[in-house]
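Below: structure-v6.cif (mmCIF, C-alpha atoms)
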data_my_file
loop_
_atom_site.label_atom_id
_atom_site.label_comp_id
_atom_site.auth_asym_id
_atom_site.auth_seq_id
_atom_site.Cartn_x
_atom_site.Cartn_y
_atom_site.Cartn_z
CA MET A 27 117.73 81.42 93.00
CA ALA A 28 116.22 78.14 91.82
CA VAL A 29 118.99 76.26 93.61
CA ALA A 30 118.27 78.16 96.82
CA LEU A 31 114.55 77.46 96.49
CA LEU A 32 115.14 73.73 96.11
CA ALA A 33 117.39 73.82 99.14
CA SER A 34 114.72 75.54 101.23
CA LEU A 35 112.21 72.84 100.35
CA ALA A 36 114.40 70.07 101.65
CA LEU A 37 113.31 70.57 105.24
CA GLY A 38 113.24 66.92 106.12
CA THR A 39 116.45 65.68 104.59
CA ALA A 40 118.99 63.59 106.43
CA ALA A 41 121.44 66.48 106.36
CA CYS A 42 119.00 68.66 108.29
CA ALA A 43 118.43 65.90 110.81
CA GLU A 44 122.15 65.39 111.32
CA ASN A 45 122.72 69.08 112.00
CA GLU A 46 119.57 69.64 114.04
CA ARG A 47 121.31 69.53 117.41
CA HIS A 48 123.76 72.24 116.45
CA THR A 49 121.75 74.62 114.31
CA THR A 50 122.49 78.33 114.55
CA ILE A 51 120.15 80.72 112.82
CA THR A 52 120.71 84.41 112.16
CA VAL A 53 117.79 86.78 112.62
CA ALA A 54 118.10 90.19 110.94
CA SER A 55 115.52 92.57 112.33
CA VAL A 56 114.74 96.25 112.64
CA ASP A 57 116.37 97.77 115.70
CA PHE A 58 113.23 98.54 117.70
CA THR A 59 112.29 94.83 117.88
CA ARG A 60 115.17 94.20 120.28
CA ASP A 61 112.77 92.91 122.90
CA MET A 62 112.89 89.56 121.09
CA GLU A 63 116.40 89.17 122.45
CA LYS A 64 115.21 89.83 126.01
CA LEU A 65 112.73 86.95 125.74
CA VAL A 66 114.69 84.46 123.66
CA ASP A 67 115.60 82.38 126.68
CA ASP A 68 112.02 81.06 126.54
CA PHE A 69 112.63 79.91 122.98
CA ARG A 70 115.91 78.26 123.95
CA ARG A 71 114.20 76.25 126.70
CA THR A 72 111.77 74.71 124.24
CA HIS A 73 114.26 74.49 121.35
CA PRO A 74 117.62 73.62 122.94
CA HIS A 75 119.04 72.48 119.60
CA ILE A 76 118.61 75.92 117.98
CA ARG A 77 120.90 78.83 118.77
CA VAL A 78 119.77 82.31 117.73
CA ARG A 79 122.11 85.07 116.62
CA PHE A 80 120.50 88.51 116.29
CA ARG A 81 121.43 91.37 113.99
CA PHE A 82 119.42 94.49 114.87
CA LEU A 83 119.80 97.33 112.37
CA PRO A 84 118.20 100.68 111.48
CA GLU A 85 115.52 100.00 108.90
CA SER A 86 117.26 101.75 105.99
CA VAL A 87 120.45 99.76 106.62
CA LEU A 88 118.48 96.57 107.17
CA ARG A 89 116.49 96.87 103.96
CA ASN A 90 119.57 97.55 101.86
CA ARG A 91 121.55 94.72 103.42
CA LEU A 92 118.75 92.17 103.11
CA SER A 93 118.00 92.87 99.46
CA LYS A 94 121.65 92.49 98.54
CA ASP A 95 122.03 89.28 100.56
CA ILE A 96 118.92 87.57 99.16
CA ALA A 97 119.43 88.69 95.57
CA GLY A 98 123.05 87.54 95.74
CA GLU A 99 122.01 84.18 97.25
CA ASP A 100 124.52 84.64 100.06
CA GLY A 101 122.24 83.00 102.63
CA ARG A 102 123.59 85.02 105.52
CA TYR A 103 120.18 85.42 107.18
CA ASP A 104 117.59 82.81 108.10
CA VAL A 105 114.83 85.09 109.42
CA VAL A 106 114.34 88.65 108.22
CA SER A 107 112.16 91.55 109.29
CA ILE A 108 110.20 93.11 106.42
CA GLY A 109 107.10 95.23 105.90
CA PRO A 110 104.08 95.23 103.57
CA TRP A 111 106.01 97.17 100.94
CA GLU A 112 108.66 94.48 100.62
CA ALA A 113 106.46 91.40 101.10
CA PRO A 114 104.63 91.29 97.73
CA ILE A 115 107.61 92.63 95.77
CA TRP A 116 110.08 90.15 97.23
CA ALA A 117 107.55 87.32 96.95
CA SER A 118 107.03 88.12 93.26
CA ARG A 119 110.79 87.81 92.75
CA GLY A 120 110.88 84.40 94.39
CA TRP A 121 112.93 85.63 97.36
CA LEU A 122 110.62 84.50 100.18
CA THR A 123 109.36 81.14 101.42
CA ARG A 124 105.59 80.75 101.26
CA LEU A 125 104.36 80.16 104.81
CA ASP A 126 100.74 79.00 104.45
CA ALA A 127 101.39 75.31 105.06
CA LEU A 128 103.71 75.94 108.00
CA ALA A 129 101.40 78.52 109.57
CA GLY A 130 98.45 76.18 109.21
CA ARG A 131 99.94 73.56 111.52
CA GLY A 132 99.22 72.99 115.20
CA ASP A 133 97.79 75.79 117.31
CA TYR A 134 99.61 78.64 115.59
CA ASP A 135 96.22 79.98 114.40
CA VAL A 136 96.95 82.08 111.35
CA GLN A 137 93.26 83.08 111.23
CA ASP A 138 93.84 85.02 114.44
CA PHE A 139 95.91 87.62 112.58
CA ILE A 140 94.10 90.91 111.97
CA PRO A 141 92.74 90.44 108.42
CA VAL A 142 94.07 93.63 106.84
CA VAL A 143 97.55 92.93 108.22
CA ARG A 144 97.51 89.37 106.92
CA THR A 145 96.37 90.63 103.49
CA ALA A 146 99.18 93.18 103.38
CA LEU A 147 101.75 90.39 103.84
CA SER A 148 100.29 88.19 101.11
CA TYR A 149 100.94 87.84 97.40
CA ARG A 150 98.59 86.09 94.97
CA GLY A 151 96.76 84.40 97.80
CA GLY A 152 99.89 83.17 99.55
CA LEU A 153 101.21 84.31 102.93
CA TYR A 154 104.91 85.25 102.80
CA ALA A 155 105.47 86.88 106.20
CA VAL A 156 103.81 86.82 109.61
CA PRO A 157 103.37 89.98 111.69
CA TYR A 158 105.39 90.79 114.78
CA TYR A 159 103.23 93.88 115.20
CA GLY A 160 100.90 96.02 113.07
CA GLU A 161 99.91 99.67 113.04
CA SER A 162 97.69 102.25 111.47
CA SER A 163 97.74 105.94 112.35
CA PHE A 164 95.65 108.22 114.51
CA LEU A 165 95.73 111.59 116.25
CA MET A 166 97.07 111.67 119.81
CA TYR A 167 96.38 114.76 121.89
CA ARG A 168 96.89 116.14 125.40
CA LYS A 169 93.53 116.20 127.13
CA ASP A 170 94.91 118.36 129.93
CA LEU A 171 96.17 121.05 127.55
CA PHE A 172 92.88 121.00 125.64
CA ALA A 173 90.96 121.46 128.90
CA GLU A 174 93.20 124.33 130.03
CA ALA A 175 92.63 126.09 126.70
CA GLY A 176 88.89 125.39 126.67
CA LEU A 177 89.19 123.34 123.50
CA THR A 178 87.43 120.14 122.43
CA MET A 179 88.70 117.55 119.97
CA PRO A 180 86.05 116.79 117.34
CA GLU A 181 84.88 113.17 117.25
CA ARG A 182 86.05 112.88 113.63
CA PRO A 183 88.49 115.76 113.06
CA THR A 184 89.27 117.31 109.71
CA TRP A 185 92.71 118.63 108.85
CA PRO A 186 91.58 122.30 108.89
CA GLN A 187 90.18 121.73 112.38
CA VAL A 188 93.47 120.17 113.49
CA ALA A 189 95.42 123.10 112.07
CA ALA A 190 93.24 125.56 113.96
CA LEU A 191 93.69 123.61 117.19
CA ALA A 192 97.45 123.38 116.68
CA ALA A 193 97.69 127.15 116.22
CA ARG A 194 95.79 127.70 119.48
CA LEU A 195 97.92 125.22 121.44
CA ASP A 196 101.35 126.15 120.06
CA ASP A 197 103.22 127.61 123.02
CA ASP A 198 106.73 128.86 122.34
CA ARG A 199 107.06 130.29 125.85
CA HIS A 200 106.76 126.83 127.43
CA GLY A 201 108.41 124.96 124.56
CA ILE A 202 105.25 123.06 123.56
CA ALA A 203 104.55 122.55 119.86
CA GLY A 204 100.98 122.63 118.68
CA ILE A 205 101.54 119.40 116.79
CA CYS A 206 104.42 117.06 116.04
CA LEU A 207 104.63 115.75 112.47
CA ARG A 208 107.40 113.96 110.61
CA GLY A 209 109.35 116.22 108.29
CA GLY A 210 112.66 114.43 107.89
CA PRO A 211 114.41 113.37 104.68
CA ALA A 212 113.82 109.59 104.91
CA TRP A 213 111.13 107.90 102.82
CA LEU A 214 109.27 106.59 105.88
CA ASP A 215 109.05 110.20 107.08
CA LEU A 216 106.53 110.63 104.23
CA LEU A 217 103.97 108.27 105.81
CA PRO A 218 101.88 110.98 107.52
CA LEU A 219 102.13 113.36 104.57
CA ASN A 220 101.04 110.66 102.13
CA THR A 221 97.79 110.15 104.04
CA VAL A 222 97.22 113.90 103.85
CA ILE A 223 97.81 113.82 100.09
CA LEU A 224 95.32 110.97 99.69
CA THR A 225 92.54 112.50 101.78
CA PHE A 226 92.96 115.84 99.95
CA GLY A 227 92.36 113.97 96.68
CA GLY A 228 95.98 113.92 95.54
CA ARG A 229 98.16 110.96 94.56
CA TRP A 230 101.61 109.98 93.37
CA PHE A 231 100.49 108.27 90.15
CA ASP A 232 97.24 107.83 88.27
CA GLU A 233 95.89 104.50 87.02
CA ARG A 234 98.16 104.60 83.95
CA TRP A 235 101.29 105.40 85.98
CA ASN A 236 101.39 109.06 85.04
CA PRO A 237 102.97 111.03 87.92
CA ARG A 238 100.53 113.39 89.64
CA LEU A 239 102.85 115.09 92.11
CA THR A 240 102.22 118.51 90.60
CA SER A 241 98.43 118.16 90.38
CA PRO A 242 96.41 120.90 92.13
CA GLU A 243 95.17 118.42 94.76
CA THR A 244 98.66 117.17 95.61
CA LYS A 245 100.06 120.71 95.75
CA ARG A 246 97.25 121.81 98.03
CA ALA A 247 97.89 118.89 100.40
CA VAL A 248 101.65 119.40 100.58
CA ARG A 249 101.33 123.17 101.05
CA PHE A 250 98.90 122.55 103.88
CA TYR A 251 101.24 120.08 105.58
CA VAL A 252 104.32 122.27 105.19
CA ASP A 253 102.49 125.36 106.45
CA LEU A 254 101.15 123.41 109.42
CA VAL A 255 104.47 121.99 110.53
CA ARG A 256 106.30 125.28 109.92
CA GLY A 257 103.69 127.30 111.80
CA SER A 258 102.74 125.02 114.70
CA GLY A 259 105.15 122.11 114.55
CA GLU A 260 108.16 121.02 116.55
CA PRO A 261 111.53 122.82 116.35
CA ARG A 262 113.70 121.72 113.43
CA ALA A 263 110.80 119.78 111.96
CA PHE A 264 112.78 119.29 108.76
CA GLU A 265 114.94 116.80 110.67
CA ALA A 266 112.15 115.06 112.58
CA GLY A 267 111.34 111.42 112.10
CA PRO A 268 109.28 109.13 114.32
CA ALA A 269 111.97 108.93 117.02
CA GLN A 270 112.06 112.71 117.45
CA CYS A 271 108.27 113.01 117.67
CA ASP A 272 108.14 110.06 120.05
CA ALA A 273 110.61 111.76 122.37
CA ALA A 274 108.85 115.13 122.15
CA MET A 275 105.47 113.68 122.98
CA ARG A 276 106.71 111.53 125.87
CA ARG A 277 108.47 114.58 127.39
CA GLY A 278 105.32 116.68 127.16
CA LYS A 279 106.71 118.93 124.41
CA ALA A 280 103.81 118.56 121.97
CA ALA A 281 100.06 119.11 122.33
CA MET A 282 99.22 116.73 119.48
CA MET A 283 100.94 114.15 117.35
CA TYR A 284 99.64 112.45 114.22
CA ASP A 285 101.51 109.21 113.77
CA SER A 286 101.51 105.46 114.35
CA THR A 287 99.04 103.73 116.66
CA PHE A 288 102.09 101.81 117.91
CA PHE A 289 103.25 104.84 119.92
CA ALA A 290 100.23 104.79 122.22
CA GLY A 291 101.66 101.93 124.26
CA ARG A 292 104.87 103.88 124.78
CA PHE A 293 103.06 107.08 125.73
CA GLU A 294 100.83 105.32 128.25
CA ASP A 295 103.75 103.67 130.04
CA PRO A 296 104.18 105.63 133.30
CA GLY A 297 107.71 104.30 133.66
CA THR A 298 108.96 106.09 130.54
CA SER A 299 106.39 108.74 129.65
CA GLU A 300 105.55 112.05 131.30
CA VAL A 301 102.15 112.14 129.60
CA ALA A 302 100.80 108.71 130.61
CA GLY A 303 97.11 109.03 131.45
CA LYS A 304 96.87 112.50 129.91
CA LEU A 305 96.21 111.54 126.28
CA GLY A 306 93.14 111.25 124.12
CA TYR A 307 92.95 109.51 120.76
CA ALA A 308 91.02 110.51 117.65
CA PRO A 309 90.79 109.03 114.14
CA ALA A 310 93.26 110.06 111.47
CA PRO A 311 92.11 113.50 110.25
CA VAL A 312 90.34 113.68 106.91
CA MET A 313 89.54 116.17 104.19
CA ARG A 314 87.64 114.60 101.27
CA THR A 315 87.64 110.93 102.23
CA ASP A 316 85.56 109.19 104.89
CA SER A 317 88.66 107.82 106.63
CA SER A 318 92.41 108.11 106.42
CA GLY A 319 95.41 106.43 107.95
CA TRP A 320 98.12 104.04 106.86
CA LEU A 321 98.87 100.37 107.33
CA TRP A 322 102.33 99.17 108.27
CA THR A 323 103.62 96.06 109.93
CA TRP A 324 107.00 94.72 110.84
CA ALA A 325 106.81 91.05 110.09
CA LEU A 326 109.11 88.03 110.00
CA ALA A 327 109.84 86.18 106.79
CA ILE A 328 112.14 83.33 105.75
CA PRO A 329 114.29 83.97 102.67
CA VAL A 330 114.54 81.08 100.23
CA THR A 331 118.30 81.42 100.74
CA SER A 332 118.04 80.38 104.42
CA LYS A 333 120.35 77.50 105.22
CA HIS A 334 118.10 76.36 108.08
CA PRO A 335 114.48 76.98 107.02
CA ARG A 336 112.98 74.49 109.47
CA ALA A 337 114.74 76.06 112.46
CA ALA A 338 113.92 79.50 111.01
CA TRP A 339 110.20 78.67 111.12
CA GLU A 340 110.46 77.40 114.67
CA PHE A 341 111.80 80.80 115.73
CA THR A 342 109.44 82.79 113.49
CA SER A 343 106.36 80.99 114.79
CA TRP A 344 107.50 81.48 118.39
CA ALA A 345 108.14 85.24 117.99
CA THR A 346 104.73 85.82 116.39
CA SER A 347 102.67 83.47 118.54
CA LYS A 348 99.98 83.96 121.16
CA ARG A 349 102.46 82.54 123.67
CA TYR A 350 104.96 85.28 122.85
CA VAL A 351 102.36 88.02 123.39
CA LYS A 352 101.55 86.68 126.85
CA LEU A 353 105.22 86.21 127.68
CA TYR A 354 105.95 89.80 126.64
CA GLY A 355 103.16 91.18 128.80
CA GLU A 356 104.15 89.18 131.85
CA ARG A 357 107.85 90.04 131.64
CA LEU A 358 108.12 93.43 129.94
CA GLY A 359 104.77 95.06 130.69
CA TRP A 360 101.33 94.72 129.17
CA VAL A 361 100.99 98.30 127.97
CA ALA A 362 103.97 97.86 125.64
CA VAL A 363 102.91 94.51 124.14
CA PRO A 364 103.47 94.50 120.34
CA PRO A 365 100.01 95.47 119.06
CA GLY A 366 98.16 95.12 115.79
CA SER A 367 99.04 91.55 114.88
CA ARG A 368 96.57 89.19 116.59
CA LEU A 369 92.91 89.68 117.39
CA SER A 370 93.32 87.55 120.50
CA THR A 371 95.70 90.13 121.99
CA TYR A 372 92.79 92.54 122.33
CA ARG A 373 90.77 89.97 124.28
CA LEU A 374 93.41 89.38 126.97
CA PRO A 375 92.18 90.95 130.25
CA PRO A 376 95.63 92.25 131.33
CA TYR A 377 96.16 93.92 127.96
CA ARG A 378 92.64 95.35 127.86
CA LYS A 379 93.23 96.91 131.27
CA ALA A 380 96.67 98.32 130.41
CA ALA A 381 95.63 99.57 126.97
CA LYS A 382 92.13 100.78 127.81
CA ALA A 383 92.92 104.38 126.81
CA PHE A 384 93.79 103.51 123.22
CA LEU A 385 92.65 99.92 122.55
CA ARG A 386 89.40 100.73 120.76
CA PRO A 387 90.74 103.73 118.77
CA ALA A 388 93.70 101.62 117.61
CA LEU A 389 91.49 98.72 116.52
CA ASP A 390 89.11 101.13 114.78
CA ALA A 391 92.04 102.68 112.91
CA LEU A 392 93.19 99.28 111.64
CA GLY A 393 89.63 98.41 110.67
CA ALA A 394 89.28 101.61 108.61
CA VAL A 395 92.27 100.89 106.36
CA ASN A 396 91.52 100.43 102.66
CA LEU A 397 94.54 98.81 101.03
CA ASN A 398 93.21 98.93 97.48
CA ARG A 399 91.79 102.46 97.36
CA PRO A 400 92.96 104.56 100.31
CA GLY A 401 92.25 107.85 98.54
CA LEU A 402 89.67 109.17 96.09
CA HIS A 403 91.13 107.39 93.07
CA GLU A 404 91.95 103.89 91.90
CA GLN A 405 95.65 103.06 92.09
CA PRO A 406 97.66 100.42 90.21
CA TRP A 407 99.17 98.92 93.37
CA THR A 408 98.05 97.73 96.79
CA GLY A 409 99.05 99.77 99.82
CA THR A 410 98.34 102.96 101.69
CA SER A 411 101.24 105.32 102.31
CA TYR A 412 103.79 104.14 99.78
CA VAL A 413 103.95 103.18 96.12
CA GLY A 414 104.15 99.42 95.63
CA ILE A 415 107.10 99.30 93.23
CA PRO A 416 110.72 98.30 93.90
CA GLU A 417 111.98 101.77 93.05
CA TYR A 418 109.91 103.50 95.70
CA ALA A 419 112.56 103.36 98.44
CA GLY A 420 114.88 105.44 96.29
CA LEU A 421 112.14 107.63 94.85
CA GLY A 422 110.57 108.21 98.26
CA ALA A 423 113.90 109.21 99.76
CA ARG A 424 114.53 111.76 97.00
CA VAL A 425 111.04 113.23 97.34
CA ALA A 426 111.31 113.31 101.14
CA GLU A 427 114.54 115.29 100.85
CA GLU A 428 112.80 117.90 98.71
CA ILE A 429 109.79 118.17 101.03
CA SER A 430 112.14 118.44 104.00
CA ALA A 431 113.95 121.27 102.25
CA ALA A 432 110.62 123.05 101.76
CA ILE A 433 109.86 122.67 105.48
CA ALA A 434 113.30 124.12 106.23
CA GLY A 435 112.48 127.11 104.01
CA ARG A 436 115.22 126.38 101.49
CA GLN A 437 112.75 126.17 98.61
CA SER A 438 109.04 126.50 97.90
CA VAL A 439 106.58 123.61 97.84
CA ASP A 440 106.08 124.15 94.11
CA GLU A 441 109.82 123.85 93.53
CA ALA A 442 109.98 120.69 95.65
CA LEU A 443 107.10 119.06 93.80
CA ALA A 444 108.42 120.04 90.37
CA LYS A 445 111.60 118.10 91.19
CA ALA A 446 109.56 115.22 92.62
CA GLN A 447 107.56 115.03 89.38
CA ILE A 448 110.78 114.70 87.39
CA PHE A 449 112.05 111.96 89.71
CA ALA A 450 108.75 110.07 89.36
CA ASN A 451 108.80 110.36 85.57
CA ASP A 452 112.32 108.96 85.48
CA VAL A 453 111.23 105.98 87.58
CA VAL A 454 108.22 105.01 85.49
CA ASP A 455 110.08 105.54 82.23
CA GLY A 456 113.05 103.51 83.41
CA GLY A 457 110.87 100.76 84.86
CA GLY A 458 108.61 100.43 81.85
CA TYR A 459 105.43 100.92 83.86
CA ARG A 460 103.58 102.94 81.25
CA ASP A 461 102.20 101.46 78.05
#
Once you've parsed the file, please lay out its structure as C-alpha cells.
Amino acid sequence: MAVALLASLALGTAACAENERHTTITVASVDFTRDMEKLVDDFRRTHPHIRVRFRFLPESVLRNRLSKDIAGEDGRYDVVSIGPWEAPIWASRGWLTRLDALAGRGDYDVQDFIPVVRTALSYRGGLYAVPYYGESSFLMYRKDLFAEAGLTMPERPTWPQVAALAARLDDDRHGIAGICLRGGPAWLDLLPLNTVILTFGGRWFDERWNPRLTSPETKRAVRFYVDLVRGSGEPRAFEAGPAQCDAAMRRGKAAMMYDSTFFAGRFEDPGTSEVAGKLGYAPAPVMRTDSSGWLWTWALAIPVTSKHPRAAWEFTSWATSKRYVKLYGERLGWVAVPPGSRLSTYRLPPYRKAAKAFLRPALDALGAVNLNRPGLHEQPWTGTSYVGIPEYAGLGARVAEEISAAIAGRQSVDEALAKAQIFANDVVDGGGYRD
C-alpha cells in the first residue's frame, strides 16, 4: 500500500505528462448514478485528453469488488463511489487519497457542501470523498388520501400516530398499503428500522461495545416495526427494499412511505410518477428523541491505487461541481437534480421552483441529523443508521435476514434478536473491540 500511496502522490511527474493525452480512467459507481454517463460528453469537451470508462454496479456487488481491488492494490479503478460508512474506515486503512488540497483549488468551493455531509465523509479532519448527492429521511404521505379519509398529518408525528394513520389508510380492496417500509434481507434495508430503534431508546452496542440487541428498548422498537409492516405495510414486505417501495409509491400503491429524502424528486416528477403533486412531507417520526432520521451520501473518492489520480480528480471535481448540478437540471430535469450535496443547489431558482413541495422539509431533515449521538445514548462510533466498524456489512446482512424472517412470520422478533445478539457478540469478540 505504501508503494501505491507514493505513486498517487506523483501527480506531476514526467510520466503523467507524457500519458496525459491518452489517459483512460475507470469509474466504479453505484448503479443509480448512471446519469453521469448521460452527461459525460460535457466533461469530454473540456477534458479531451481524458477518456472515461464506467462500471455501474449494485451497491452490494460494488462494495465487495472495491474493497478487494483496493486492498489487493490491483488499481483497477480510478474513481469509486462510497458512502459515509466506508469513508472513515477506508481512510483509516490508508486506502483513499486525501482531497482537501485538491478541493481547495479554484472555484470548486468545498465550503458549499452541506456541513453534515462533508463531516460524514471526513476522517481526523481530512476530507476523503466528495458528495454526488446526500440524503436524510422523512415521512412522505398522500395528501389526497388523507383528505378523503378526514385525516391530518401531525406537524411532528410520533411513531404511534403513524401506526394509527397507517391502519386507517390501509386499503386491501384497492391495493393501497397504509405505509411502505423496507423489510428486505440486505443490510441497507435496516436503515429505517435503525432510526426506529434509536428513537425508541434502543441501540446495537453500548459505549463499551456490549451488544444491546436484546435490551427491552430494542425489542420494543423492533416489535413495533414488524407489527406495523405486517399489519399495514406493502405485500411481501419481507422482500422489500428501497426499489420496491419507490415503485409502490410512484404507482399510487401506498398511502405513506418512510424513507430517503432522495425519493421526493422522483415522486414529484410528473413524467414518471402517478402521485406527483399529491404528496406531503413530514419529519422522520419520533418516540423518545427530539428528532430522528439518517444520513447517507453517495460520494466519489480516489483510491490510492489509482493509476491516474490527477485525471481522476478532474472527473471527480466535475461530477460533484456546481456546474454539474446546473447541467443536470438543464438536460435531465430540475426536479430530479441530485440533492443534498451543495447548499447552492437550494438557491437556484429553477430547482427551488421544481422542488418547492419538498425542498424545505428535505433541508430541515439534513439539518436535524446528529452524527455523534443520534439516539438517547452515547455511541463509540460516528454515524446514524449503521455501526461504524468494518464488520458491519456482514453483521448487518445477517441481522437483516433475521428481521426479514420475523416480518415473513417464520420466527418471532425475540428469536430474531436472540440470534442477532449472538452475531454481534461474535463480531466484537473477534474484532477485539471490548477491553
- Task: Fewer than 2 positions away in the same chain doesn't count, so skip those; otherwise give me all residues within 7 Å of Pro311 of chain A, counting only C-alpha atoms, as a list of chain:residue names.
- Result: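 Near Pro311 of chain A, the qualifying residues are A:Arg182, A:Pro183, A:Thr184, A:Trp185, A:Pro309, A:Ser318.
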- Item | Selected residue of minimal separation from Trp320 of chain A among A:Arg238, A:Lys348, A:Arg81, A:Arg399, counting all atoms listed in the file |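 Among the listed residues, the smallest separation from Trp320 of chain A belongs to A:Arg399.
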- Message: Report as an MDAnalysis selection string all protein, DNA and RNA residues lying within 12 Å of segment 147-155 of chain A, evaluated on all atoms listed in the file, omitting residues in the same chain fewer than 4 positions from it.
- Response: chainID A and resid 105:130 136:137 139:143 159:160 321:330 339 342:343 346 367 397 407:409
Selection near segment 428-438 of chain A, 6 Å with all atoms listed in the file, sequence-local residues under 4 positions removed, as a tab-separated table (two decimals) with C-alpha atoms, in the coordinates of the input:
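Resulting contents of part_34.tsv:
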chain	number	residue	atom	x	y	z
A	209	GLY	CA	109.35	116.22	108.29
A	210	GLY	CA	112.66	114.43	107.89
A	211	PRO	CA	114.41	113.37	104.68
A	252	VAL	CA	104.32	122.27	105.19
A	264	PHE	CA	112.78	119.29	108.76
A	442	ALA	CA	109.98	120.69	95.65
- Task: Within 9 Å of segment 72-75 of chain A, counting all atoms listed in the file, which residues show up once you throw out same-chain ones fewer than 2 positions away? Write them as a count of residues only, please.
- Result: 12
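Picked out by the PyMOL selection byres ((chain A and resi 82-88) around 8) when it runs on this file: Ala54, Ser55, Val56, Asp57, Phe58, Thr59, Arg60, Phe80, Arg81, Arg89, Asn90, Arg91 and Leu92 of chain A.
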- Kindly resolve the PyMOL selection byres ((chain A and resi 171) around 10) on the present coordinates and return the residues as a ChimeraX atom specification. /A:167-170,172-177,195,280-282,304-305
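Pairwise distance (atom CA of Ser93 of chain A, atom CA of Thr331 of chain A) equals 11.5 Å.
With distances restricted to only C-alpha atoms, A:Ser286 is the closest residue to Ala269 of chain A from A:Ser370, A:Thr244, A:Ser286, A:Asn236.
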- Query: Mind pulling up the distance from atom CA of Ala192 of chain A to atom CA of Leu216 of chain A?
  - Reply: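 According to the coordinates, atom CA of Leu216 of chain A and atom CA of Ala192 of chain A are separated by 20.0 Å.
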- Restricting to all atoms listed in the file, whichever of A:Leu402, A:Ala419, A:Leu224, A:Leu165 is closest to Ala247 of chain A is A:Leu224
- Query: If the PyMOL selection byres ((chain A and resi 361) around 9) is run on the structure shown, which residues does it catch, given as a PyMOL selection string?
  - Reply: chain A and resi 290-292+294-295+355+358-360+362-364+376-381
- Message: One decimal, in Å: what's the spacing between atom CA of Arg368 of chain A and atom CA of Arg144 of chain A?
- Response: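 Separation of atom CA of Arg368 of chain A and atom CA of Arg144 of chain A: 9.7 Å.
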- Contacts of segment 455-457 of chain A within 12 Å, all atoms listed in the file, excl. fewer than 3 positions in-chain, as a VMD selection string: chain A and resid 235 to 237 415 to 418 448 to 452 460 to 461
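Checking A:Pro180, A:Gly101, A:Ser162, A:Ser258 one by one against Leu217 of chain A, counting only C-alpha atoms, you find the shortest gap at A:Ser162.
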- Task: Measuring atom to atom with only C-alpha atoms, identify which of A:Glu427, A:Lys352, A:Asp215, A:Pro387 is nearest to Ala266 of chain A.
- Result: A:Asp215
- Item | A:Asp100, A:Glu265, A:Asp133, A:Glu243 ranked by distance to Ala426 of chain A, top pick (using only C-alpha atoms) |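 When distances to Ala426 of chain A are compared using only C-alpha atoms, the smallest one comes from A:Glu265.
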